[in-house]
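Structure file upload-v3.txt; described as compact mmCIF, C-alpha atoms and all ligand atoms.
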# COMPACT_ATOMS: atom_id res chain seq x y z
CA MET V 1 -15.20 14.56 22.95
CA VAL V 2 -14.28 15.14 19.32
CA ARG V 3 -14.63 12.59 16.51
CA PHE V 4 -13.08 12.86 13.09
CA LEU V 5 -12.03 10.90 10.05
CA GLN V 6 -8.38 10.94 9.04
CA LEU V 7 -7.36 10.31 5.44
CA ALA V 8 -4.02 10.75 3.69
CA ASP V 9 -2.09 10.02 0.50
CA ILE V 10 -5.08 9.73 -1.78
CA GLN V 11 -2.98 10.97 -4.71
CA PHE V 12 -5.66 11.75 -7.23
CA ASP V 13 -4.41 12.06 -10.80
CA THR V 14 -1.11 10.24 -10.28
CA GLN V 15 0.02 8.41 -13.33
CA VAL V 16 -0.44 4.67 -13.35
CA LEU V 17 2.10 3.19 -15.69
CA GLY V 18 2.18 -0.17 -17.41
CA ARG V 19 -1.54 -0.82 -17.22
CA SER V 20 -4.22 -1.03 -19.86
CA ALA V 21 -6.42 2.00 -20.51
CA SER V 22 -9.46 0.21 -19.09
CA LEU V 23 -7.64 -0.70 -15.89
CA ARG V 24 -6.38 2.88 -15.51
CA ALA V 25 -9.91 4.20 -15.94
CA MET V 26 -11.19 1.67 -13.44
CA LEU V 27 -8.58 2.75 -10.87
CA LYS V 28 -9.46 6.38 -11.34
CA ASP V 29 -13.12 5.57 -10.67
CA ALA V 30 -12.13 3.43 -7.68
CA GLN V 31 -10.18 6.29 -6.10
CA ARG V 32 -13.16 8.56 -6.42
CA ALA V 33 -15.60 5.94 -5.19
CA ALA V 34 -13.40 5.43 -2.12
CA LEU V 35 -13.42 9.14 -1.29
CA SER V 36 -17.18 9.30 -1.78
CA ARG V 37 -17.62 6.39 0.60
CA ALA V 38 -15.38 8.06 3.17
CA ILE V 39 -17.26 11.36 2.92
CA GLY V 40 -20.57 9.51 3.12
CA TYR V 41 -19.37 7.80 6.28
CA ALA V 42 -18.37 11.12 7.88
CA ILE V 43 -21.82 12.53 7.11
CA THR V 44 -23.77 9.50 8.36
CA GLU V 45 -21.71 9.31 11.52
CA LYS V 46 -22.01 13.07 12.04
CA LEU V 47 -18.28 13.41 12.63
CA ASP V 48 -16.92 16.77 13.73
CA PHE V 49 -14.46 17.10 10.86
CA VAL V 50 -12.48 15.31 8.18
CA ALA V 51 -8.68 15.67 8.22
CA ILE V 52 -6.58 15.05 5.13
CA SER V 53 -2.87 14.77 5.95
CA GLY V 54 -1.43 15.70 2.56
CA ASP V 55 -0.83 14.22 -0.89
CA LEU V 56 -4.46 14.59 -1.84
CA PHE V 57 -3.41 14.93 -5.47
CA ASP V 58 -0.41 15.57 -7.71
CA ALA V 59 0.13 19.32 -7.95
CA ASP V 60 0.86 19.58 -11.62
CA LYS V 61 -1.92 17.24 -12.53
CA LEU V 62 -5.01 18.35 -10.63
CA SER V 63 -7.34 17.61 -13.52
CA PHE V 64 -10.53 19.56 -14.19
CA ALA V 65 -12.49 16.40 -13.47
CA THR V 66 -10.81 15.90 -10.09
CA GLU V 67 -11.25 19.56 -9.25
CA ARG V 68 -14.98 19.30 -9.91
CA PHE V 69 -15.25 16.01 -8.09
CA LEU V 70 -13.42 17.27 -4.99
CA GLY V 71 -15.52 20.43 -4.98
CA ALA V 72 -18.71 18.36 -5.04
CA GLU V 73 -17.56 16.01 -2.25
CA ILE V 74 -16.46 18.89 -0.02
CA SER V 75 -19.82 20.56 -0.68
CA ARG V 76 -21.55 17.43 0.63
CA LEU V 77 -19.60 17.87 3.86
CA SER V 78 -20.45 21.57 3.87
CA GLU V 79 -24.18 20.85 3.64
CA ALA V 80 -23.80 18.56 6.64
CA GLY V 81 -21.94 21.28 8.53
CA ILE V 82 -18.66 19.33 8.60
CA LEU V 83 -15.25 20.96 8.17
CA CYS V 84 -12.62 19.48 5.89
CA LEU V 85 -9.11 20.29 7.11
CA TYR V 86 -6.31 19.64 4.68
CA ALA V 87 -2.56 20.15 5.06
CA SER V 88 -0.48 20.00 1.87
CA GLY V 89 2.19 17.35 1.29
CA ASN V 90 5.13 16.89 -1.06
CA HIS V 91 2.95 15.77 -3.97
CA ASP V 92 0.60 18.74 -3.65
CA PRO V 93 2.75 21.51 -2.14
CA GLY V 94 0.93 24.69 -1.21
CA GLY V 95 3.40 27.22 -2.69
CA SER V 96 2.35 30.02 -5.01
CA ARG V 97 1.94 27.67 -7.98
CA SER V 98 -0.52 25.42 -6.19
CA ARG V 99 -3.73 24.87 -8.13
CA LEU V 100 -5.51 24.80 -4.79
CA ARG V 101 -4.96 28.53 -4.48
CA SER V 102 -6.59 29.43 -7.77
CA VAL V 103 -9.70 27.29 -7.42
CA GLU V 104 -12.72 28.54 -5.54
CA TRP V 105 -13.60 26.01 -2.86
CA PRO V 106 -16.51 25.72 -0.45
CA ALA V 107 -15.87 27.70 2.76
CA ASN V 108 -15.65 24.55 4.91
CA PHE V 109 -12.47 23.47 3.08
CA ILE V 110 -9.67 24.71 5.34
CA ARG V 111 -6.43 24.59 3.40
CA ILE V 112 -3.20 24.63 5.38
CA LEU V 113 -0.56 25.42 2.79
CA LYS V 114 2.21 27.10 4.76
CA GLY V 115 5.07 25.58 6.70
CA SER V 116 4.46 27.64 9.80
CA PRO V 117 1.88 25.99 12.08
CA GLN V 118 -1.66 27.28 12.06
CA ILE V 119 -4.26 26.64 14.80
CA ILE V 120 -7.82 25.80 13.78
CA PRO V 121 -10.32 25.67 16.66
CA ILE V 122 -13.04 23.01 16.28
CA TYR V 123 -16.42 23.90 17.79
CA ASN V 124 -19.59 21.89 18.22
CA SER V 125 -23.01 23.20 17.15
CA ASP V 126 -23.36 25.00 20.50
CA ARG V 127 -20.12 26.88 19.81
CA ALA V 128 -18.29 25.01 22.54
CA LEU V 129 -14.61 24.48 21.79
CA LEU V 130 -13.87 20.75 21.26
CA ALA V 131 -10.28 20.70 20.09
CA ASN V 132 -7.45 22.71 18.64
CA VAL V 133 -6.14 21.30 15.41
CA VAL V 134 -2.63 22.49 14.60
CA GLY V 135 -1.50 21.95 11.04
CA ALA V 136 1.39 22.85 8.76
CA GLY V 137 1.76 22.27 5.03
CA HIS V 138 4.57 21.64 2.59
CA GLU V 139 5.22 24.74 0.51
CA SER V 140 7.51 23.02 -1.99
CA GLN V 141 8.12 19.54 -3.42
CA ALA V 142 11.13 18.68 -1.30
CA VAL V 143 10.85 20.15 2.18
CA GLU V 144 13.92 19.17 4.17
CA GLU V 145 13.25 20.99 7.41
CA ASN V 146 11.55 19.46 10.40
CA LEU V 147 8.11 21.08 10.38
CA ALA V 148 6.93 19.31 13.56
CA ARG V 149 9.55 21.07 15.64
CA ASN V 150 7.83 24.46 15.22
CA PHE V 151 4.44 23.22 16.42
CA PRO V 152 3.32 24.93 19.64
CA GLN V 153 3.26 22.99 22.88
CA ALA V 154 -0.23 21.76 23.87
CA ASP V 155 -1.66 24.10 26.43
CA GLY V 156 -4.80 24.02 28.63
CA PRO V 157 -7.61 21.48 29.04
CA ILE V 158 -8.75 21.40 25.39
CA PRO V 159 -7.04 18.58 23.43
CA PHE V 160 -4.56 19.44 20.69
CA ILE V 161 -4.47 17.47 17.44
CA GLY V 162 -1.56 17.74 15.00
CA LEU V 163 -2.07 17.54 11.24
CA LEU V 164 1.12 16.99 9.28
CA HIS V 165 2.62 15.28 6.26
CA THR V 166 5.90 14.00 7.61
CA PHE V 167 8.52 11.30 7.34
CA VAL V 168 8.75 9.91 10.86
CA THR V 169 12.26 8.50 10.83
CA SER V 170 11.48 5.32 12.77
CA ALA V 171 8.20 4.42 11.04
CA GLN V 172 7.63 1.07 9.38
CA SER V 173 8.40 1.06 5.64
CA VAL V 174 10.33 4.39 5.65
CA GLU V 175 12.87 2.83 3.29
CA SER V 176 10.42 3.11 0.41
CA HIS V 177 9.52 6.76 1.02
CA ASP V 178 11.35 10.06 0.50
CA ARG V 179 12.71 11.86 3.51
CA TYR V 180 10.51 14.96 3.39
CA ALA V 181 9.78 17.12 6.44
CA PRO V 182 11.42 14.47 8.65
CA SER V 183 10.50 14.26 12.32
CA THR V 184 11.13 11.88 15.19
CA VAL V 185 8.84 10.23 17.70
CA ALA V 186 10.48 12.43 20.36
CA ASP V 187 9.48 15.58 18.41
CA LEU V 188 5.86 14.46 18.32
CA GLU V 189 5.72 13.09 21.85
CA GLY V 190 7.28 16.26 23.27
CA LYS V 191 4.37 18.43 22.13
CA ARG V 192 1.91 16.59 24.41
CA TYR V 193 -0.81 16.43 21.77
CA ALA V 194 -3.75 14.05 22.17
CA TYR V 195 -3.29 12.81 18.60
CA TRP V 196 -1.14 13.30 15.50
CA ALA V 197 -2.87 12.83 12.15
CA LEU V 198 0.07 12.03 9.87
CA GLY V 199 0.48 11.46 6.17
CA HIS V 200 3.23 10.39 3.73
CA ILE V 201 4.02 6.78 4.65
CA HIS V 202 1.59 4.60 2.71
CA VAL V 203 1.45 1.79 5.26
CA ARG V 204 -1.23 2.13 7.92
CA GLN V 205 0.35 2.23 11.38
CA LYS V 206 0.73 3.78 14.78
CA VAL V 207 4.30 5.01 14.60
CA ASP V 208 5.23 4.29 18.20
CA GLU V 209 3.73 3.02 21.44
CA ALA V 210 4.83 6.24 23.14
CA VAL V 211 2.55 8.58 21.20
CA GLU V 212 -0.86 8.54 19.47
CA ALA V 213 0.59 9.34 16.06
CA TRP V 214 -0.95 7.46 13.14
CA TYR V 215 -0.62 7.05 9.40
CA PRO V 216 -3.94 5.90 7.90
CA GLY V 217 -2.17 4.58 4.78
CA ILE V 218 -3.56 5.23 1.35
CA LEU V 219 -7.28 5.35 0.65
CA GLN V 220 -7.28 3.07 -2.39
CA GLY V 221 -4.54 0.65 -3.44
CA ARG V 222 -3.05 1.30 -6.88
CA ASN V 223 -0.93 -1.77 -7.49
CA PHE V 224 -0.16 -5.25 -6.19
CA LYS V 225 2.29 -3.84 -3.63
CA GLU V 226 -0.61 -1.92 -2.08
CA SER V 227 -2.63 -5.04 -1.34
CA GLY V 228 -5.51 -5.55 1.04
CA GLU V 229 -8.22 -3.25 2.28
CA LYS V 230 -7.47 0.47 2.38
CA GLY V 231 -9.33 3.30 4.00
CA GLY V 232 -9.17 5.83 6.80
CA LEU V 233 -9.00 6.12 10.57
CA VAL V 234 -11.94 7.16 12.67
CA VAL V 235 -10.50 8.91 15.69
CA THR V 236 -12.26 9.76 18.94
CA VAL V 237 -10.40 12.08 21.28
CA HIS V 238 -12.00 12.12 24.71
CA ASP V 239 -12.05 15.14 27.00
CA SER V 240 -9.51 13.33 29.15
CA GLY V 241 -7.12 13.54 26.21
CA SER V 242 -7.09 9.80 25.45
CA ALA V 243 -7.73 8.67 21.87
CA ASP V 244 -9.55 5.69 20.32
CA VAL V 245 -8.56 4.84 16.78
CA GLU V 246 -10.49 2.56 14.46
CA PHE V 247 -9.74 1.60 10.87
CA HIS V 248 -12.56 1.74 8.32
CA ALA V 249 -12.17 0.29 4.83
CA PHE V 250 -13.36 2.54 2.02
CA SER V 251 -11.51 1.05 -0.95
CA SER V 252 -13.79 -0.30 -3.64
CA VAL V 253 -11.25 -2.49 -5.37
CA ARG V 254 -8.68 -4.63 -3.64
CA TRP V 255 -5.34 -5.93 -4.89
CA GLU V 256 -4.36 -9.39 -3.71
CA THR V 257 -1.57 -11.80 -4.57
CA LEU V 258 -2.01 -15.50 -4.04
CA GLN V 259 0.79 -18.05 -4.04
CA LEU V 260 0.20 -21.43 -5.63
CA LYS V 261 3.15 -23.59 -4.70
CA THR V 262 1.97 -27.17 -4.71
CA LEU V 263 1.29 -27.87 -8.36
CA GLU V 264 3.41 -30.97 -8.84
CA SER V 265 0.50 -33.35 -9.21
CA ILE V 266 -1.80 -31.03 -11.14
CA GLU V 267 -1.89 -32.19 -14.71
CA SER V 268 -4.99 -30.69 -16.25
CA ILE V 269 -6.48 -27.26 -16.59
CA ALA V 270 -9.61 -28.44 -14.76
CA GLU V 271 -7.54 -29.49 -11.75
CA PHE V 272 -5.65 -26.24 -11.91
CA GLN V 273 -8.92 -24.32 -11.90
CA SER V 274 -10.06 -26.11 -8.73
CA GLU V 275 -6.75 -25.31 -7.08
CA ALA V 276 -7.04 -21.64 -8.05
CA ILE V 277 -10.63 -21.49 -6.80
CA ARG V 278 -9.60 -23.04 -3.49
CA ALA V 279 -6.91 -20.38 -3.04
CA TYR V 280 -9.32 -17.66 -4.10
CA GLU V 281 -11.88 -18.69 -1.47
CA SER V 282 -9.25 -17.96 1.16
CA THR V 283 -9.36 -14.27 0.20
CA ASP V 284 -12.88 -13.92 1.60
CA PRO V 285 -14.59 -13.24 -1.75
CA THR V 286 -17.90 -12.50 -0.02
CA ARG V 287 -16.79 -8.92 0.59
CA ASP V 288 -18.41 -6.38 -1.64
CA ASP V 289 -15.26 -4.85 -3.10
CA GLU V 290 -13.91 -5.98 -6.45
CA LEU V 291 -10.76 -8.02 -6.64
CA LEU V 292 -7.63 -7.54 -8.75
CA LEU V 293 -5.85 -10.84 -8.40
CA ARG V 294 -2.34 -12.00 -9.11
CA LEU V 295 -1.63 -15.70 -9.02
CA GLU V 296 2.03 -16.49 -8.49
CA LEU V 297 2.76 -20.02 -9.56
CA SER V 298 5.97 -21.54 -8.33
CA GLY V 299 7.72 -24.88 -7.96
CA ARG V 300 7.39 -27.84 -10.29
CA SER V 301 4.45 -28.42 -12.53
CA PRO V 302 3.67 -30.74 -15.43
CA LEU V 303 1.92 -27.71 -16.97
CA ALA V 304 4.98 -25.44 -16.76
CA ARG V 305 6.06 -25.80 -20.36
CA GLN V 306 2.57 -25.19 -21.66
CA LEU V 307 2.08 -22.15 -19.44
CA ALA V 308 5.33 -20.67 -20.71
CA GLU V 309 3.56 -20.18 -24.04
CA THR V 310 1.91 -16.77 -24.16
CA ASP V 311 -1.22 -17.97 -25.93
CA GLU V 312 -1.83 -20.73 -23.41
CA ALA V 313 -1.18 -18.46 -20.42
CA GLU V 314 -3.57 -15.87 -21.86
CA GLU V 315 -6.25 -18.47 -22.38
CA LEU V 316 -5.94 -19.71 -18.82
CA THR V 317 -6.02 -16.11 -17.56
CA ARG V 318 -9.24 -15.54 -19.49
CA ILE V 319 -10.85 -18.72 -18.15
CA LEU V 320 -9.90 -17.96 -14.54
CA THR V 321 -11.00 -14.32 -14.72
CA GLU V 322 -14.42 -15.53 -15.76
CA GLU V 323 -14.54 -18.50 -13.41
CA LEU V 324 -13.53 -16.50 -10.34
CA GLY V 325 -15.51 -13.43 -11.30
CA VAL V 326 -12.62 -11.09 -10.50
CA ARG V 327 -12.18 -7.69 -12.11
CA HIS V 328 -8.67 -8.44 -13.30
CA LEU V 329 -6.34 -11.42 -13.11
CA GLU V 330 -2.64 -11.91 -13.74
CA LEU V 331 -0.68 -15.13 -13.86
CA ARG V 332 2.97 -15.08 -12.82
CA THR V 333 4.80 -18.15 -14.06
CA THR V 334 8.44 -17.04 -13.92
CA ASN V 335 9.13 -19.34 -10.94
CA LEU V 336 7.30 -22.29 -12.38
CA PHE V 337 9.48 -25.16 -13.55
CA PRO V 338 8.87 -28.39 -15.41
CA ASN V 339 8.88 -31.68 -13.50
CA ILE V 340 12.51 -32.44 -14.19
CA PRO V 341 14.03 -35.42 -12.35
CA VAL V 342 16.75 -33.41 -10.63
CA ASP V 343 17.88 -36.37 -8.54
CA LYS V 344 19.13 -38.17 -11.62
CA PHE V 345 21.99 -35.67 -11.93
CA ARG V 346 22.97 -35.38 -8.29
CA GLY V 347 26.28 -36.74 -7.00
CA GLU V 348 27.82 -36.74 -10.47
CA THR V 349 31.31 -35.37 -10.95
CA HIS V 350 30.35 -32.85 -13.63
CA VAL V 351 29.67 -29.21 -12.82
CA LEU V 352 25.90 -29.73 -12.82
CA GLY V 353 26.28 -32.42 -10.15
CA GLU V 354 28.42 -30.06 -8.07
CA VAL V 355 25.90 -27.21 -8.40
CA LEU V 356 23.06 -29.50 -7.34
CA ASP V 357 25.06 -30.75 -4.35
CA VAL V 358 25.77 -27.22 -3.15
CA LEU V 359 22.11 -26.23 -3.53
CA GLU V 360 21.00 -29.34 -1.64
CA GLN V 361 23.45 -28.74 1.22
CA ALA V 362 22.37 -25.10 1.43
CA LYS V 363 18.83 -26.22 2.23
CA ALA V 364 19.99 -27.38 5.65
CA ASP V 365 23.22 -25.48 6.30
CA ASP V 366 22.81 -21.83 7.36
CA ASN V 367 26.55 -21.14 7.31
CA LEU V 368 26.90 -22.39 3.77
CA LEU V 369 23.92 -20.23 2.78
CA LYS V 370 25.58 -17.17 4.23
CA ARG V 371 28.82 -17.96 2.40
CA LEU V 372 26.90 -18.12 -0.88
CA LYS V 373 25.46 -14.66 -0.29
CA PRO V 374 27.17 -11.88 -2.24
CA GLY V 375 28.16 -8.73 -0.32
CA ASP V 376 25.28 -6.66 -1.59
CA LEU V 377 21.99 -8.45 -1.70
CA ILE V 378 19.52 -7.13 -4.24
CA GLY V 379 16.61 -5.24 -2.72
CA PHE V 380 18.24 -4.68 0.66
CA GLU V 381 20.38 -1.91 2.07
CA GLU V 382 20.43 -3.69 5.39
CA GLN V 383 20.11 -7.42 5.87
CA PRO V 384 16.61 -8.91 5.93
CA GLU V 385 15.49 -10.07 9.36
CA ASP V 386 15.51 -13.78 8.64
CA LEU V 387 18.44 -13.99 6.27
CA PRO V 388 18.56 -17.80 5.86
CA ALA V 389 14.84 -17.97 5.03
CA TYR V 390 15.21 -15.14 2.57
CA LEU V 391 18.19 -16.80 0.87
CA ARG V 392 16.35 -20.13 0.68
CA ASP V 393 13.51 -18.36 -1.04
CA LEU V 394 15.96 -16.93 -3.55
CA LEU V 395 17.43 -20.36 -4.25
CA ALA V 396 14.07 -22.12 -4.63
CA GLY V 397 13.80 -23.72 -8.04
CA MET V 398 17.43 -23.02 -8.89
CA ASP V 399 18.19 -26.76 -9.02
CA ILE V 400 15.54 -27.27 -11.69
CA GLU V 401 16.75 -24.24 -13.54
CA ALA V 402 20.33 -25.57 -13.43
CA VAL V 403 19.31 -28.94 -14.90
CA SER V 404 17.25 -27.23 -17.54
CA ARG V 405 20.18 -24.96 -18.51
CA PHE V 406 22.77 -27.70 -18.69
CA VAL V 407 20.88 -30.56 -20.24
CA GLY V 408 17.55 -29.07 -21.31
CA ASP V 409 14.15 -29.68 -19.81
CA ARG V 410 13.08 -32.73 -21.79
CA HIS V 411 14.03 -35.16 -19.08
CA GLU V 412 10.76 -36.13 -17.63
CA ASP V 413 10.57 -39.80 -16.70
MN MN Z 1 4.11 12.23 0.54
Let me see the file written as structure tokens.
Amino acid sequence: MVRFLQLADIQFDTQVLGRSASLRAMLKDAQRAALSRAIGYAITEKLDFVAISGDLFDADKLSFATERFLGAEISRLSEAGILCLYASGNHDPGGSRSRLRSVEWPANFIRILKGSPQIIPIYNSDRALLANVVGAGHESQAVEENLARNFPQADGPIPFIGLLHTFVTSAQSVESHDRYAPSTVADLEGKRYAYWALGHIHVRQKVDEAVEAWYPGILQGRNFKESGEKGGLVVTVHDSGSADVEFHAFSSVRWETLQLKTLESIESIAEFQSEAIRAYESTDPTRDDELLLRLELSGRSPLARQLAETDEAEELTRILTEELGVRHLELRTTNLFPNIPVDKFRGETHVLGEVLDVLEQAKADDNLLKRLKPGDLIGFEEQPEDLPAYLRDLLAGMDIEAVSRFVGDRHED
């Protein structure tokens, strides 16, 4: 049996744009704290090795601080007699310019920087062979060739484990990743490995039922798109060749977005606060990580006009940050509309009446919805799975917006 921790796509020193200096500093600390937790876990659990499937950092930007930090963390593993196997990715290619080559690292840091596969035998303390890890690295920023194809076929009773940064063509969320070192499930399955430790796609997943090939996802979320707990995979490969895979959270801050949609009867800031607290409780705030929270307000609200004023929105943000005890809070009010009596303008012969009628019919009529859809829908190369639901989401609030555009928003009863 061999047990190891798989991490990937940590991306130290990547630039975080559009955030305050204090938030950027906090994220930097959070990334490091997450790695420290992961390393600590590997030591406590006496794992056989740690595997990092690429994009550990941004090649041009490996800062002195990160270099020192990584060195210290890998030394902790070294003292515990644990190997750290790392295969380079597109963000940290292992070519001649790689900073990894010029830095002196502890001897337990096995760097796989070349595209041709390399076999690293893993032994236990009695020098018994536990597994063969086969890894290949990206040598340049945009590797187009299929690196998996050159991996050797698994051979003999000792399990083989692949370590590769790759774009598996059928993986979930491939559309938001670059097609580097592409491979297919058939490529991976054909090698008969017990496990593939993959990197590149940021969404944690087993890529296919047919093969034990996993992306652990990123170690620490960096924005609201990367919401929820992040961490690594603890993998046990049994002598029989079967694998158990378990997710462990190591992230120290968590990004979450909450939707507040039923605000029609909320008329005071105090009531709004209670509503926000109620939603916040649903995020399981008893966990010990810190929360970066976005509240998306949508629909009609008597407070909409007031919240459209920057000063008022900032004040509410300040109050809620304190009240909820979150690290950072953002209010999104772009889909919040005043309580305009839309019905008053329906059925009229003017263009506003017509627009409202069409929008109302579209709520129930899928065919009409589809006719309203332009050829290219923003954000999609292919059609979303539930097209009518998606279109209804797009149209939500458009009736209020139409009234407000044509006759202004001072029509409350
Ligand atoms: Mn990558």
Contacts of range 313-328 of chain V within 9 Å, only C-alpha atoms, excl. fewer than 3 positions in-chain, as a PDB file with C-alpha atoms, in the frame of the given file:
ATOM      1  CA  LEU V  23      -7.640  -0.700 -15.890  1.00  0.00           C
ATOM      2  CA  VAL V 253     -11.250  -2.490  -5.370  1.00  0.00           C
ATOM      3  CA  ILE V 269      -6.480 -27.260 -16.590  1.00  0.00           C
ATOM      4  CA  GLN V 273      -8.920 -24.320 -11.900  1.00  0.00           C
ATOM      5  CA  ALA V 276      -7.040 -21.640  -8.050  1.00  0.00           C
ATOM      6  CA  ILE V 277     -10.630 -21.490  -6.800  1.00  0.00           C
ATOM      7  CA  TYR V 280      -9.320 -17.660  -4.100  1.00  0.00           C
ATOM      8  CA  GLU V 290     -13.910  -5.980  -6.450  1.00  0.00           C
ATOM      9  CA  LEU V 291     -10.760  -8.020  -6.640  1.00  0.00           C
ATOM     10  CA  LEU V 292      -7.630  -7.540  -8.750  1.00  0.00           C
ATOM     11  CA  LEU V 293      -5.850 -10.840  -8.400  1.00  0.00           C
ATOM     12  CA  ARG V 294      -2.340 -12.000  -9.110  1.00  0.00           C
ATOM     13  CA  GLN V 306       2.570 -25.190 -21.660  1.00  0.00           C
ATOM     14  CA  LEU V 307       2.080 -22.150 -19.440  1.00  0.00           C
ATOM     15  CA  ALA V 308       5.330 -20.670 -20.710  1.00  0.00           C
ATOM     16  CA  GLU V 309       3.560 -20.180 -24.040  1.00  0.00           C
ATOM     17  CA  THR V 310       1.910 -16.770 -24.160  1.00  0.00           C
ATOM     18  CA  LEU V 331      -0.680 -15.130 -13.860  1.00  0.00           C
ATOM     19  CA  THR V 333       4.800 -18.150 -14.060  1.00  0.00           C
TER      20      THR V 333
END
Taking only residues of chain V that have an atom at most 12 Å from an atom of ligand MN 1 (chain Z), what is each one's shortest atom pair and its distance in Å to one decimal, using only C-alpha atoms and all ligand atoms, in chain and number order, as a tab-separated table?
residue	atom	partner	partner_atom	distance
V:Ala8	CA	Z:MN1	MN	8.8
V:Asp9	CA	Z:MN1	MN	6.6
V:Ile10	CA	Z:MN1	MN	9.8
V:Gln11	CA	Z:MN1	MN	8.9
V:Ile52	CA	Z:MN1	MN	12.0
V:Ser53	CA	Z:MN1	MN	9.2
V:Gly54	CA	Z:MN1	MN	6.8
V:Asp55	CA	Z:MN1	MN	5.5
V:Leu56	CA	Z:MN1	MN	9.2
V:Phe57	CA	Z:MN1	MN	10.0
V:Asp58	CA	Z:MN1	MN	10.0
V:Ala59	CA	Z:MN1	MN	11.8
V:Ala87	CA	Z:MN1	MN	11.3
V:Ser88	CA	Z:MN1	MN	9.1
V:Gly89	CA	Z:MN1	MN	5.5
V:Asn90	CA	Z:MN1	MN	5.0
V:His91	CA	Z:MN1	MN	5.8
V:Asp92	CA	Z:MN1	MN	8.5
V:Pro93	CA	Z:MN1	MN	9.8
V:Gly137	CA	Z:MN1	MN	11.2
V:His138	CA	Z:MN1	MN	9.6
V:Ser140	CA	Z:MN1	MN	11.6
V:Gln141	CA	Z:MN1	MN	9.2
V:Ala142	CA	Z:MN1	MN	9.7
V:Val143	CA	Z:MN1	MN	10.5
V:Leu164	CA	Z:MN1	MN	10.4
V:His165	CA	Z:MN1	MN	6.7
V:Thr166	CA	Z:MN1	MN	7.5
V:Phe167	CA	Z:MN1	MN	8.2
V:Val168	CA	Z:MN1	MN	11.6
V:Val174	CA	Z:MN1	MN	11.2
V:Ser176	CA	Z:MN1	MN	11.1
V:His177	CA	Z:MN1	MN	7.7
V:Asp178	CA	Z:MN1	MN	7.6
V:Arg179	CA	Z:MN1	MN	9.1
V:Tyr180	CA	Z:MN1	MN	7.5
V:Ala181	CA	Z:MN1	MN	9.5
V:Pro182	CA	Z:MN1	MN	11.1
V:Leu198	CA	Z:MN1	MN	10.2
V:Gly199	CA	Z:MN1	MN	6.7
V:His200	CA	Z:MN1	MN	3.8
V:Ile201	CA	Z:MN1	MN	6.8
V:His202	CA	Z:MN1	MN	8.3
V:Val203	CA	Z:MN1	MN	11.8
V:Tyr215	CA	Z:MN1	MN	11.3
V:Gly217	CA	Z:MN1	MN	10.8
V:Ile218	CA	Z:MN1	MN	10.4
Who sits within 6 Å of range 193-195 of chain V, only C-alpha atoms, same chain under 3 positions skipped, as a PyMOL selection string: chain V and resi 154+159-161+212-213+241
Could you tell me how far CA of Ser298 in chain V lies from CA of Arg405 in chain V, in Å and to one decimal? 17.8 Å
Looking at V:Ala38, V:Ala21, V:Ile158, V:Leu62, which one is nearest to Arg76 in chain V, with distances taken over all atoms listed in the file?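 Residue with the minimum atom-to-atom distance to Arg76 in chain V: V:Ala38.
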Find the spatial neighbours of range 347-364 of chain V, counting only C-alpha atoms, within a cut-off of 7 Å - ignore same-chain residues fewer than 3 positions away - and output them as a list in words. Leu368, Leu369, Arg392, Asp399, Ala402, Val403 and Phe406 of chain V
Pick from V:Gly40, V:Lys61, V:Gln205, V:Gln31, whichever lies nearest to Asp13 in chain V using only C-alpha atoms: V:Lys61
Counting all atoms listed in the file, what is within 8 Å of Gln220 in chain V, bar same-chain residues fewer than 5 positions away, as an MDAnalysis selection string? chainID V and resid 10 30:31 34 229:231 250:254
Could you tell me how far CA of Lys28 in chain V lies from CA of Gly221 in chain V, in Å and to one decimal?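 Calculated distance between CA of Lys28 in chain V and CA of Gly221 in chain V is 10.9 Å.
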